[in-house]
$ cat data.txt   # compact mmCIF, C-alpha atoms
# COMPACT_ATOMS: atom_id res chain seq x y z
CA GLU A 1 34.37 -38.94 25.45
CA LYS A 2 36.51 -35.85 25.46
CA GLY A 3 39.21 -35.88 28.10
CA ALA A 4 39.28 -39.66 28.55
CA LYS A 5 42.80 -41.00 28.32
CA PHE A 6 41.96 -44.05 26.20
CA PRO A 7 38.28 -44.65 25.48
CA ASP A 8 36.62 -48.08 25.55
CA LEU A 9 36.59 -49.44 22.02
CA ALA A 10 35.41 -52.94 22.91
CA LYS A 11 32.36 -52.80 20.66
CA GLY A 12 34.56 -52.41 17.60
CA TYR A 13 32.36 -49.85 15.83
CA SER A 14 32.67 -46.19 15.10
CA LYS A 15 30.81 -43.87 17.45
CA LEU A 16 30.52 -41.40 14.58
CA GLY A 17 27.35 -42.95 13.15
CA ALA A 18 28.70 -44.73 10.10
CA ASN A 19 28.96 -48.08 11.90
CA ASP A 20 32.01 -48.97 9.85
CA PRO A 21 33.71 -51.93 11.48
CA LEU A 22 37.15 -51.07 12.78
CA THR A 23 40.03 -52.56 10.84
CA PRO A 24 41.60 -55.37 12.91
CA PHE A 25 44.48 -54.23 15.13
CA ASN A 26 46.96 -56.63 13.52
CA ALA A 27 46.17 -55.21 10.05
CA VAL A 28 46.65 -51.62 11.25
CA THR A 29 49.92 -52.46 12.97
CA GLY A 30 51.20 -54.90 10.34
CA TYR A 31 50.57 -53.02 7.06
CA ASN A 32 52.25 -49.60 6.99
CA ASN A 33 54.23 -47.15 4.93
CA TYR A 34 57.17 -46.04 7.02
CA TYR A 35 60.14 -45.99 4.68
CA GLU A 36 62.36 -45.38 7.69
CA PHE A 37 61.91 -49.11 8.30
CA GLY A 38 61.82 -50.37 4.69
CA THR A 39 59.83 -50.16 1.47
CA ASP A 40 57.49 -53.16 1.84
CA LYS A 41 54.24 -52.71 3.77
CA GLU A 42 55.30 -55.43 6.23
CA ASP A 43 58.77 -53.92 6.86
CA PRO A 44 57.78 -51.45 9.60
CA ALA A 45 56.34 -54.22 11.79
CA LYS A 46 59.39 -56.44 11.12
CA ASN A 47 62.09 -53.77 11.38
CA SER A 48 60.95 -51.31 14.05
CA SER A 49 61.73 -53.25 17.22
CA ARG A 50 65.20 -51.63 17.61
CA PHE A 51 63.72 -48.11 17.47
CA LYS A 52 63.68 -46.35 20.87
CA PRO A 53 60.80 -43.84 20.94
CA LEU A 54 61.60 -42.56 24.44
CA PRO A 55 63.03 -40.27 25.63
CA TRP A 56 61.64 -37.89 22.99
CA THR A 57 61.75 -34.16 22.49
CA VAL A 58 59.74 -31.89 20.24
CA LYS A 59 61.34 -28.76 18.81
CA VAL A 60 59.06 -25.87 17.91
CA ASP A 61 60.74 -23.00 16.13
CA GLY A 62 60.35 -20.58 13.27
CA MET A 63 57.66 -17.96 13.01
CA CYS A 64 56.04 -18.31 16.42
CA ALA A 65 55.96 -16.33 19.66
CA HIS A 66 57.01 -19.24 21.92
CA PRO A 67 59.71 -21.40 20.30
CA GLY A 68 61.45 -24.07 22.32
CA THR A 69 62.34 -27.70 22.79
CA LEU A 70 60.17 -29.72 25.13
CA ASP A 71 60.26 -33.31 26.26
CA LEU A 72 57.25 -35.26 25.07
CA GLU A 73 55.47 -35.24 28.44
CA ASP A 74 55.68 -31.44 28.76
CA PHE A 75 54.64 -31.04 25.12
CA LEU A 76 51.52 -33.16 25.67
CA LYS A 77 50.65 -32.11 29.24
CA PRO A 78 48.37 -29.12 28.52
CA HIS A 79 46.24 -31.06 26.02
CA ALA A 80 43.46 -33.57 26.68
CA PRO A 81 43.70 -36.66 24.44
CA GLU A 82 40.62 -37.44 22.35
CA GLU A 83 39.40 -40.44 20.39
CA ARG A 84 39.20 -39.92 16.64
CA ILE A 85 37.98 -42.71 14.38
CA TYR A 86 38.99 -42.08 10.79
CA ARG A 87 38.66 -43.99 7.54
CA HIS A 88 41.87 -43.84 5.51
CA ARG A 89 41.49 -44.55 1.80
CA CYS A 90 44.52 -45.14 -0.38
CA VAL A 91 44.99 -44.96 -4.14
CA GLU A 92 46.53 -48.45 -3.80
CA ALA A 93 42.95 -49.80 -3.40
CA TRP A 94 42.90 -50.37 0.37
CA SER A 95 41.17 -48.58 3.21
CA MET A 96 41.23 -48.84 7.00
CA VAL A 97 39.02 -47.55 9.80
CA ILE A 98 41.33 -46.71 12.67
CA PRO A 99 40.61 -45.50 16.23
CA TRP A 100 43.33 -42.97 17.02
CA VAL A 101 43.94 -41.27 20.35
CA GLY A 102 45.58 -37.88 20.05
CA ILE A 103 45.62 -34.19 20.66
CA SER A 104 44.32 -31.41 18.46
CA LEU A 105 47.02 -30.05 16.15
CA ALA A 106 45.17 -26.71 16.05
CA ASP A 107 45.35 -26.43 19.86
CA VAL A 108 49.09 -27.18 19.77
CA ILE A 109 49.67 -24.54 17.10
CA LYS A 110 47.64 -21.94 19.01
CA ARG A 111 49.70 -22.66 22.12
CA PHE A 112 52.91 -21.60 20.35
CA GLU A 113 51.23 -18.53 18.78
CA PRO A 114 52.21 -18.40 15.11
CA LEU A 115 53.11 -14.93 13.91
CA GLY A 116 50.78 -13.23 11.43
CA SER A 117 53.30 -13.84 8.66
CA ALA A 118 53.42 -17.62 9.24
CA LYS A 119 51.94 -19.64 6.38
CA TYR A 120 53.15 -23.22 6.88
CA VAL A 121 53.87 -25.86 9.52
CA GLN A 122 56.84 -28.13 8.81
CA PHE A 123 57.30 -31.63 10.23
CA ASP A 124 60.75 -33.30 10.19
CA THR A 125 61.39 -36.94 10.98
CA ILE A 126 64.05 -38.07 13.36
CA VAL A 127 67.17 -39.52 11.73
CA ARG A 128 68.55 -42.62 13.45
CA PRO A 129 69.83 -45.01 10.77
CA ALA A 130 71.15 -47.44 13.40
CA GLU A 131 67.55 -47.95 14.58
CA MET A 132 65.76 -47.28 11.29
CA PRO A 133 67.20 -49.48 8.53
CA GLY A 134 65.40 -47.67 5.71
CA GLN A 135 67.37 -44.52 6.52
CA ARG A 136 70.61 -46.26 5.61
CA SER A 137 69.85 -45.62 1.95
CA GLU A 138 69.21 -42.29 0.27
CA PHE A 139 67.81 -44.35 -2.62
CA ILE A 140 64.50 -44.47 -0.74
CA LEU A 141 64.24 -40.80 0.35
CA PRO A 142 66.60 -38.07 1.46
CA TRP A 143 66.62 -37.97 5.27
CA PRO A 144 65.19 -36.38 7.29
CA TYR A 145 61.86 -36.74 5.54
CA ILE A 146 60.16 -33.35 5.65
CA GLU A 147 56.47 -32.73 5.15
CA GLY A 148 54.43 -29.58 5.49
CA LEU A 149 50.92 -28.30 5.77
CA ARG A 150 49.57 -24.86 5.04
CA LEU A 151 48.62 -23.23 8.32
CA ASP A 152 44.91 -23.41 7.42
CA GLU A 153 45.24 -27.18 6.77
CA ALA A 154 47.09 -27.68 10.05
CA MET A 155 44.37 -25.74 11.91
CA ASN A 156 41.62 -28.00 10.52
CA PRO A 157 39.75 -29.51 13.49
CA LEU A 158 40.26 -33.03 12.08
CA ALA A 159 44.08 -32.86 12.22
CA ILE A 160 45.60 -34.48 15.31
CA LEU A 161 48.92 -35.55 16.71
CA ALA A 162 48.27 -39.20 17.55
CA ILE A 163 49.81 -40.75 20.64
CA GLY A 164 47.82 -43.98 20.57
CA VAL A 165 45.81 -46.41 18.52
CA TYR A 166 43.17 -48.88 19.75
CA GLY A 167 43.49 -47.46 23.26
CA GLN A 168 47.18 -48.35 23.45
CA ALA A 169 50.37 -46.35 23.12
CA LEU A 170 51.36 -45.91 19.49
CA PRO A 171 53.57 -48.83 18.38
CA ASN A 172 56.89 -48.10 16.70
CA GLN A 173 55.61 -49.24 13.31
CA ASN A 174 52.73 -46.77 13.54
CA GLY A 175 54.83 -43.70 14.26
CA ALA A 176 55.64 -43.85 17.98
CA PRO A 177 55.65 -41.79 20.02
CA LEU A 178 53.87 -39.04 18.06
CA ARG A 179 52.32 -39.12 14.60
CA LEU A 180 50.53 -36.55 12.46
CA VAL A 181 47.09 -37.72 11.34
CA ALA A 182 45.56 -35.25 8.88
CA PRO A 183 42.48 -36.66 7.12
$ encode --input "data.txt" --output "structure tokens"
Amino acid sequence: EKGAKFPDLAKGYSKLGANDPLTPFNAVTGYNNYYEFGTDKEDPAKNSSRFKPLPWTVKVDGMCAHPGTLDLEDFLKPHAPEERIYRHRCVEAWSMVIPWVGISLADVIKRFEPLGSAKYVQFDTIVRPAEMPGQRSEFILPWPYIEGLRLDEAMNPLAILAIGVYGQALPNQNGAPLRLVAP
């Protein structure tokens, strides 16, 4: 239901018609790729407890009419969270059906009014090696990790900025407090 803060997911099935059973919560929160916390799939759940996701700010800059740095609450305030249930399939031969709660990335982008010459949206991770043990080594990745989407990909109605999973606030090992989900 659009506008609901965290929808009721008690039935455990997608409302999208496929009736795919949701992946169990402990699998979704215990099997992740967040190299900031280590290279094994179990490392994020084991190594993310020292990470402090709040307070948090979001910096929007570059080719837009309204750049700025906002605290997370002000960044999220104008947007109504929605439930999105997505199946993620990996080339490593696993898949998960996950109920995300988030805000439309397209609506966020429109809010900051990209200039006509803008072609990409860039996402940079936070760098806190004291809280994120995987960042203590450049052997894994150079930090910050930077990812990008073409503006048309970022404006796809399926792309969201997740703030929750299974009707709960996003856990550290799943990208707290804010995670890009772009199926």
$ atom_distance --input "data.txt" --atom1 "CA of Gly175 in chain A" --atom2 "CA of Glu131 in chain A"
13.4 Å
$ closest_residue --input "data.txt" --among "A:Leu180, A:Ala45, A:Leu149, A:Val97" --to "Tyr166 in chain A" --atoms "all atoms listed in the file"
A:Val97
$ residues_near_point --input "data.txt" --point "(49.8, -55.1, 13.0)" --cutoff "12 Å" --atoms "all atoms listed in the file" --output "ChimeraX atom specification"
/A:23-32,41-46,48,98,165-166,170-174
$ closest_residue --input "data.txt" --among "A:Ala159, A:Val181, A:Leu22, A:Ala176" --to "Leu105 in chain A" --atoms "only C-alpha atoms"
A:Ala159
$ atom_distance --input "data.txt" --atom1 "CA of His66 in chain A" --atom2 "CA of Gly116 in chain A"
13.6 Å
$ atom_distance --input "data.txt" --atom1 "CA of Val127 in chain A" --atom2 "CA of Ala162 in chain A"
19.8 Å
$ closest_residue --input "data.txt" --among "A:Asp20, A:Asp107, A:Glu83, A:Asp124" --to "Tyr145 in chain A" --atoms "all atoms listed in the file"
A:Asp124
$ closest_residue --input "data.txt" --among "A:Arg128, A:Arg136, A:His79, A:Arg89" --to "Leu161 in chain A" --atoms "only C-alpha atoms"
A:His79
$ closest_residue --input "data.txt" --among "A:Ile126, A:Val121, A:Ile140, A:Ala93" --to "Val108 in chain A" --atoms "only C-alpha atoms"
A:Val121
$ axis_aligned_box --input "data.txt" --around "range 159-168 of chain A" --padding-each-side "4 Å" --output "JSON"
{"center_x": 46.5, "center_y": -40.9, "center_z": 17.8, "size_x": 14.6, "size_y": 24.0, "size_z": 19.2}
$ closest_residue --input "data.txt" --among "A:Phe37, A:Pro183, A:Lys110, A:Trp100" --to "Glu153 in chain A" --atoms "only C-alpha atoms"
A:Pro183
$ residues_around --input "data.txt" --residues "Tyr120 in chain A" --least-positions-apart "6" --cutoff "9 Å" --atoms "only C-alpha atoms" --output "PyMOL selection string"
chain A and resi 148-154
$ write_last_selection --input "data.txt" --atoms "C-alpha atoms" --output "PDB file, in the coordinates of the input"
ATOM      1  CA  GLY A 148      54.430 -29.580   5.490  1.00  0.00           C
ATOM      2  CA  LEU A 149      50.920 -28.300   5.770  1.00  0.00           C
ATOM      3  CA  ARG A 150      49.570 -24.860   5.040  1.00  0.00           C
ATOM      4  CA  LEU A 151      48.620 -23.230   8.320  1.00  0.00           C
ATOM      5  CA  ASP A 152      44.910 -23.410   7.420  1.00  0.00           C
ATOM      6  CA  GLU A 153      45.240 -27.180   6.770  1.00  0.00           C
ATOM      7  CA  ALA A 154      47.090 -27.680  10.050  1.00  0.00           C
TER       8      ALA A 154
END
